[in-house]
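Data first, discussion second: the structure below is written as structure tokens.
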Amino acid sequence: MTDNAIEINHLKKIYHLYDKPTDLVKEFIHPLRKQYHHDFTAIDDLCLTIKKGQTVGIIGKNGAGKSTLLKMITGVSTPTGGAITVNGIIASLLELGAGFNPMMTGMENIYLNGTIMGFSKREITGKVDAIKDFADIGEFIYQPVKMYSSGMFARLAFSVAINVDPDILIVDEALSVGDMAFQMKCFQKFRDFQESGKTILFVTHGLDTVIRYCTRGIVIDTGKIVCDGSPKVAVDAFKKVLSGDFYNKNKGEKVITGSTQLLKKSFDEHSELNIYGNSKATIYDYGILDENGKPSAIIEYNTEFIIVMKVKFFETIIEPIFAFTLKDIKGLEITGTNSSMKYVTTNTYEKEQMVTVTFSQKANLQPGQYALSLGCVNMNDNGVEVYSRIYDAILFDVIGSTEMVGFFDLGSKISVS
């Protein structure tokens, strides 16, 4: 017996790419076996162990190798090299249509998929009612699958995958087409699976999904694992990958001379502080002011508070965007804004110029602990250019006796007549 659900050792996947279709034929019939292709390494010497009972979110840019990895784990694709060991029954939902015959009815496809997974007809029949109830597509279950909308397809495919009682559930972005009610039902099933000790592995672009539902996060870039840790750590690393700063050894912080009275000195510095950027500008000071204008890491519920960010520029920057976000204790971004969203026009700033940016708002948040992150960025043809960004700059508390559900108080007024 082993505690490992999946063991991957030095996995490699190389695709042969051809500039045009005829090159494949030329290569096949060439007497000297001349190569007309070039290699693309989708997965590069990847090693990974997933423990039983973990819910693992895999994130990465398009083309990073996420889906290729899942296909090899499920046996849909064959590795070029390396080894994969799976301990348990796998149910997978890789993409809409995978394993379904569009000419057959939904009911016929239930039996087809069950047979592929190794179940007898009697065993599948015993699961049909649960599959039908979860999919909830009515009489369409007896219609050819080619007639289904993408949402109906997702409902049936996911229902089949989870109701065969697998040890390992693998999902690749296939739930994004479902409606909100169905997605809520799916994630409730995720929680049921977690409580029963099942292993869940899924690819998603929903970073909040990783933080909410996963026990572990993995970032893949260019076919390699570049981050493997808690969901919060993985999400923060992925944001760096997107901005191009993950591999930049320059932490993005420059020393500002003549700044002895720094506001940030009023707050505790913690080990999770994460600073990066291309250093064209730097956030050299920051803080939180309470309703009395005093630096404080404790804010009374529903009182005014101000976030202060001071920036120095080291190049001429045209209309930068100043931003902040607040995360809860699990690392989930629950709110935030920036100068662009608020239609605040910023200026062109010259080298050595300093500016102070303030964000004023009410703390109508659920009492608890939060983390403040700050950024000075811009948008260009390549996406987001990060001049300076500080994750979890300050940990602060919102205190109060008010009770609510979720994160925010909407200020609801109740009347009974």
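Naming scheme: A, B, ... for chains in displayed order of the structure tokens; residues 1 onward per chain; ligands 1 onward as shown.
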(message) Neighbouring residues of region 69-79 of chain A were defined as those with any atom within 9 Å, considering only C-alpha atoms; residues of the same chain fewer than 4 positions away were excluded. Please report them as an MDAnalysis selection string.
(response) chainID A and resid 6 8 11:14 42:43 65 83:86 90:92 94 170:172 201:203 223
(message) Please list as a VMD selection string every residue within 10 Å of Phe193 (chain A), counting only C-alpha atoms and excluding residues in the same chain fewer than 4 positions away.
(response) chain A and resid 53 55 162 165 to 169 187 to 189 197 to 200
Selection above as a file: C-alpha atoms, as a PDB file, in the first residue's frame:
ATOM      1  CA  GLY A  53      -6.749  12.957  -0.652  1.00  0.00           C
ATOM      2  CA  THR A  55      -7.007  18.561  -4.229  1.00  0.00           C
ATOM      3  CA  ILE A 162     -18.167  11.652 -10.557  1.00  0.00           C
ATOM      4  CA  ASP A 165     -17.045   6.446  -7.598  1.00  0.00           C
ATOM      5  CA  PRO A 166     -13.441   7.047  -8.720  1.00  0.00           C
ATOM      6  CA  ASP A 167     -10.425   7.254  -6.450  1.00  0.00           C
ATOM      7  CA  ILE A 168      -8.991  10.087  -8.567  1.00  0.00           C
ATOM      8  CA  LEU A 169     -10.985  12.755 -10.401  1.00  0.00           C
ATOM      9  CA  PHE A 187     -18.005  22.256  -6.294  1.00  0.00           C
ATOM     10  CA  GLN A 188     -20.248  20.884  -3.573  1.00  0.00           C
ATOM     11  CA  LYS A 189     -19.429  17.473  -5.042  1.00  0.00           C
ATOM     12  CA  GLY A 197     -10.543  11.250   0.961  1.00  0.00           C
ATOM     13  CA  LYS A 198     -10.678  11.289  -2.842  1.00  0.00           C
ATOM     14  CA  THR A 199      -7.896  12.830  -4.932  1.00  0.00           C
ATOM     15  CA  ILE A 200      -8.829  15.693  -7.263  1.00  0.00           C
TER      16      ILE A 200
END
Which residues are near Gly126 (chain A)? Cut-off 12 Å, only C-alpha atoms, ignore same chain within fewer than 2 positions. Put them as a PDB file with C-alpha atoms, in the first residue's frame.
ATOM      1  CA  ILE A 110     -23.389   6.524 -20.118  1.00  0.00           C
ATOM      2  CA  TYR A 111     -23.022   2.812 -20.792  1.00  0.00           C
ATOM      3  CA  GLY A 114     -18.814   3.018 -18.041  1.00  0.00           C
ATOM      4  CA  PHE A 119     -17.574  -1.500 -15.267  1.00  0.00           C
ATOM      5  CA  SER A 120     -20.040  -4.259 -16.093  1.00  0.00           C
ATOM      6  CA  LYS A 121     -23.485  -3.483 -17.509  1.00  0.00           C
ATOM      7  CA  ARG A 122     -25.051  -4.355 -14.159  1.00  0.00           C
ATOM      8  CA  GLU A 123     -22.701  -2.000 -12.305  1.00  0.00           C
ATOM      9  CA  ILE A 124     -23.462   0.835 -14.732  1.00  0.00           C
ATOM     10  CA  VAL A 128     -27.702   5.383 -13.964  1.00  0.00           C
ATOM     11  CA  ASP A 129     -30.278   7.021 -11.671  1.00  0.00           C
ATOM     12  CA  ALA A 130     -27.609   8.987  -9.800  1.00  0.00           C
ATOM     13  CA  ILE A 131     -26.046  10.096 -13.102  1.00  0.00           C
ATOM     14  CA  LYS A 132     -29.411  11.224 -14.503  1.00  0.00           C
ATOM     15  CA  ASN A 163     -20.833   8.998 -10.172  1.00  0.00           C
ATOM     16  CA  VAL A 164     -18.629   6.034 -11.065  1.00  0.00           C
ATOM     17  CA  ASP A 165     -17.045   6.446  -7.598  1.00  0.00           C
TER      18      ASP A 165
END
(message) Would you pick out the contacts of region 133-135 of chain A at 8 Å or less, using only C-alpha atoms, so that residues sharing its chain but fewer than 3 positions from it are not included, and give the list as a VMD selection string?
(response) chain A and resid 129 to 130 152 155 to 156 158 to 159
(message) Under the rule that only C-alpha atoms are counted, which of A:Asp245, A:Glu27, A:Glu195, A:Asp285 is the nearest residue to Val311 (chain A)?
(response)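 Among the listed residues, A:Asp285 lies closest to Val311 (chain A).
Residues with any atom within 8 Å of region 100-102 of chain A, counting only C-alpha atoms and excluding same-chain neighbours fewer than 2 positions away, are Gly97, Ala98, Met104, Thr105, Asn109, Leu112, Asn113, Pro144, Val145 and Lys146 of chain A.
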Written file, previous selection with C-alpha atoms, as an mmCIF file, in the first residue's frame:
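Written out: result.cif:
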data_model
loop_
_atom_site.group_PDB
_atom_site.id
_atom_site.type_symbol
_atom_site.label_atom_id
_atom_site.label_comp_id
_atom_site.auth_asym_id
_atom_site.auth_seq_id
_atom_site.Cartn_x
_atom_site.Cartn_y
_atom_site.Cartn_z
ATOM 1 C CA GLY A 97 -16.754 15.393 -26.245
ATOM 2 C CA ALA A 98 -13.853 13.229 -25.091
ATOM 3 C CA MET A 104 -25.454 7.988 -29.657
ATOM 4 C CA THR A 105 -27.950 9.134 -27.049
ATOM 5 C CA ASN A 109 -23.028 7.183 -23.847
ATOM 6 C CA LEU A 112 -20.250 3.409 -23.325
ATOM 7 C CA ASN A 113 -18.176 5.455 -20.860
ATOM 8 C CA PRO A 144 -28.374 12.046 -29.601
ATOM 9 C CA VAL A 145 -25.517 13.901 -27.937
ATOM 10 C CA LYS A 146 -24.918 15.927 -31.123
#
(request) Mind checking which residues fall within 9 Å of region 380-395 of chain A, counting only C-alpha atoms, ignoring those fewer than 2 positions away in the same chain, and posting them as an NGL selection string? (result) :A and (236 or 242-245 or 252-253 or 264 or 267-270 or 272-283 or 286-288 or 297 or 311 or 320 or 325-327 or 369-378 or 397)
Please produce a file of those selected residues containing N, CA and C atoms, as a CSV table (one decimal), in the first residue's frame.
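Output contents, as saved in again_27.csv:
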chain,number,residue,atom,x,y,z
A,236,ASP,N,0.3,33.5,-6.4
A,236,ASP,CA,1.2,34.7,-6.5
A,236,ASP,C,2.3,34.4,-7.5
A,242,LEU,N,2.9,35.5,-15.4
A,242,LEU,CA,2.1,36.3,-16.4
A,242,LEU,C,2.8,37.6,-16.7
A,243,SER,N,3.3,38.3,-15.7
A,243,SER,CA,3.9,39.6,-15.9
A,243,SER,C,5.3,39.6,-16.4
A,244,GLY,N,5.9,38.3,-16.4
A,244,GLY,CA,7.3,38.2,-16.9
A,244,GLY,C,8.3,38.4,-15.9
A,245,ASP,N,7.9,38.6,-14.6
A,245,ASP,CA,8.9,38.9,-13.5
A,245,ASP,C,9.3,37.7,-12.7
A,252,GLY,N,13.1,44.3,-7.6
A,252,GLY,CA,12.3,45.4,-8.0
A,252,GLY,C,12.2,46.5,-6.9
A,253,GLU,N,13.1,46.5,-5.9
A,253,GLU,CA,13.1,47.5,-4.9
A,253,GLU,C,14.4,48.2,-4.9
A,264,LYS,N,5.9,53.0,6.4
A,264,LYS,CA,5.9,51.6,6.6
A,264,LYS,C,6.6,51.1,7.8
A,267,PHE,N,4.6,49.7,10.8
A,267,PHE,CA,4.0,48.3,10.6
A,267,PHE,C,5.0,47.2,10.7
A,268,ASP,N,4.6,46.1,11.2
A,268,ASP,CA,5.4,44.9,11.3
A,268,ASP,C,5.7,44.4,9.9
A,269,GLU,N,7.0,44.1,9.7
A,269,GLU,CA,7.4,43.5,8.4
A,269,GLU,C,7.4,42.0,8.7
A,270,HIS,N,6.8,41.2,7.7
A,270,HIS,CA,6.6,39.8,7.9
A,270,HIS,C,7.4,39.0,6.8
A,272,GLU,N,6.4,36.9,4.7
A,272,GLU,CA,5.7,36.6,3.4
A,272,GLU,C,5.8,37.8,2.4
A,273,LEU,N,6.4,38.9,2.9
A,273,LEU,CA,6.5,40.1,2.0
A,273,LEU,C,7.2,39.7,0.7
A,274,ASN,N,6.6,40.1,-0.4
A,274,ASN,CA,7.0,39.6,-1.8
A,274,ASN,C,7.1,40.8,-2.7
A,275,ILE,N,8.3,41.2,-3.1
A,275,ILE,CA,8.5,42.5,-3.8
A,275,ILE,C,9.1,42.1,-5.2
A,276,TYR,N,8.6,42.7,-6.3
A,276,TYR,CA,9.2,42.5,-7.6
A,276,TYR,C,8.8,43.5,-8.5
A,277,GLY,N,9.4,43.5,-9.7
A,277,GLY,CA,9.1,44.5,-10.8
A,277,GLY,C,10.3,44.8,-11.6
A,278,ASN,N,10.2,45.6,-12.6
A,278,ASN,CA,11.3,45.9,-13.5
A,278,ASN,C,12.1,47.1,-13.1
A,279,SER,N,11.7,47.7,-12.0
A,279,SER,CA,12.4,48.8,-11.3
A,279,SER,C,12.5,50.1,-12.1
A,280,LYS,N,11.6,50.2,-13.1
A,280,LYS,CA,11.4,51.6,-13.7
A,280,LYS,C,10.8,52.5,-12.7
A,281,ALA,N,10.1,52.0,-11.7
A,281,ALA,CA,9.6,52.8,-10.6
A,281,ALA,C,9.6,51.8,-9.4
A,282,THR,N,9.5,52.4,-8.2
A,282,THR,CA,9.5,51.6,-7.1
A,282,THR,C,8.5,52.2,-6.0
A,283,ILE,N,7.8,51.3,-5.4
A,283,ILE,CA,6.9,51.7,-4.2
A,283,ILE,C,7.9,51.7,-3.0
A,286,TYR,N,4.6,53.0,2.2
A,286,TYR,CA,3.2,52.6,2.1
A,286,TYR,C,2.7,52.5,3.6
A,287,GLY,N,1.4,52.5,3.7
A,287,GLY,CA,0.8,52.3,5.0
A,287,GLY,C,-0.7,52.4,5.0
A,288,ILE,N,-1.3,52.2,6.2
A,288,ILE,CA,-2.7,52.4,6.3
A,288,ILE,C,-3.0,53.4,7.4
A,297,ALA,N,-2.7,49.1,12.1
A,297,ALA,CA,-3.0,47.8,11.5
A,297,ALA,C,-4.3,47.2,12.0
A,311,VAL,N,5.5,56.4,-4.5
A,311,VAL,CA,6.2,55.9,-5.6
A,311,VAL,C,7.3,56.8,-6.1
A,320,PRO,N,1.0,55.8,-15.5
A,320,PRO,CA,1.0,54.5,-14.8
A,320,PRO,C,-0.3,54.3,-14.1
A,325,THR,N,-5.0,45.6,-3.8
A,325,THR,CA,-6.0,44.5,-3.6
A,325,THR,C,-5.9,44.1,-2.1
A,326,LEU,N,-7.0,43.5,-1.6
A,326,LEU,CA,-7.1,43.0,-0.3
A,326,LEU,C,-7.3,41.5,-0.4
A,327,LYS,N,-6.6,40.7,0.3
A,327,LYS,CA,-6.8,39.3,0.4
A,327,LYS,C,-7.2,38.8,1.8
A,369,GLN,N,-8.8,39.1,9.6
A,369,GLN,CA,-7.4,39.5,9.2
A,369,GLN,C,-7.4,39.6,7.7
A,370,TYR,N,-6.7,40.6,7.1
A,370,TYR,CA,-6.5,40.8,5.7
A,370,TYR,C,-5.1,41.2,5.4
A,371,ALA,N,-4.8,41.0,4.1
A,371,ALA,CA,-3.4,41.4,3.6
A,371,ALA,C,-3.6,42.4,2.5
A,372,LEU,N,-2.8,43.5,2.6
A,372,LEU,CA,-2.8,44.5,1.6
A,372,LEU,C,-1.7,44.3,0.6
A,373,SER,N,-2.0,44.3,-0.7
A,373,SER,CA,-1.0,44.3,-1.8
A,373,SER,C,-1.1,45.6,-2.6
A,374,LEU,N,0.0,46.0,-3.1
A,374,LEU,CA,0.1,47.3,-3.8
A,374,LEU,C,0.8,47.1,-5.2
A,375,GLY,N,0.5,48.0,-6.1
A,375,GLY,CA,1.1,47.8,-7.4
A,375,GLY,C,1.2,49.1,-8.2
A,376,CYS,N,2.3,49.3,-9.0
A,376,CYS,CA,2.4,50.4,-9.9
A,376,CYS,C,2.7,49.7,-11.2
A,377,VAL,N,1.8,49.7,-12.2
A,377,VAL,CA,1.9,49.0,-13.4
A,377,VAL,C,1.5,49.8,-14.6
A,378,ASN,N,1.5,49.2,-15.8
A,378,ASN,CA,1.0,49.8,-17.0
A,378,ASN,C,0.6,48.8,-18.0
A,397,ASP,N,-6.0,44.0,10.7
A,397,ASP,CA,-7.3,43.4,11.2
A,397,ASP,C,-8.4,44.4,11.1
(request) Using DSSP on the backbone coordinates, identify the residues of region 43-242 of chain A assigned to alpha helix (DSSP H); present them as a ChimeraX atom specification. (result) /A:66-74,106-116,121-135,150-162,180-195,207-213,231-242
(request) For CA of Lys66 (chain A) and CA of Ile218 (chain A), quote the distance in Å rounded to one decimal. (result)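 Interatomic distance here is 9.9 Å.
Proximity to Val398 (chain A) was assessed for A:Phe246, A:Phe28, A:Tyr36, A:Tyr301 counting only C-alpha atoms; the smallest distance is recorded for A:Tyr301.
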(request) Tell me, in Å to one decimal, how far CA of Thr125 (chain A) is from CA of Met184 (chain A). (result) 26.5 Å
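With CA of Ile399 (chain A) on one side and CA of Ile329 (chain A) on the other, the separation reads 14.5 Å.
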(request) From a DSSP calculation on the backbone, collect every residue of region 8-44 of chain A in strand (DSSP E) and output the set as a PyMOL selection string. (result) chain A and resi 8-18+37-44
Could you save the residues just selected, with C-alpha atoms, as a CSV table (one decimal), in the first residue's frame?
chain,number,residue,atom,x,y,z
A,8,ILE,CA,5.5,10.9,-12.1
A,9,ASN,CA,9.2,10.4,-12.8
A,10,HIS,CA,11.2,12.4,-15.4
A,11,LEU,CA,8.2,12.7,-17.7
A,12,LYS,CA,8.8,14.0,-21.2
A,13,LYS,CA,6.5,14.7,-24.1
A,14,ILE,CA,7.8,15.9,-27.5
A,15,TYR,CA,5.6,16.8,-30.5
A,16,HIS,CA,6.8,16.8,-34.1
A,17,LEU,CA,5.6,20.0,-35.7
A,18,TYR,CA,5.5,20.5,-39.5
A,37,HIS,CA,9.7,18.6,-38.7
A,38,HIS,CA,11.0,20.6,-35.7
A,39,ASP,CA,10.5,19.4,-32.1
A,40,PHE,CA,8.3,21.1,-29.5
A,41,THR,CA,8.8,20.0,-25.9
A,42,ALA,CA,5.4,20.2,-24.2
A,43,ILE,CA,6.6,18.5,-21.0
A,44,ASP,CA,10.2,18.6,-20.0
(request) Do a neighbour search on Lys351 (chain A) at 12 Å with only C-alpha atoms, toss out local chain neighbours closer than 2 positions, and write the hits as a VMD selection string. (result) chain A and resid 279 to 282 311 to 318 348 to 349 353 to 355
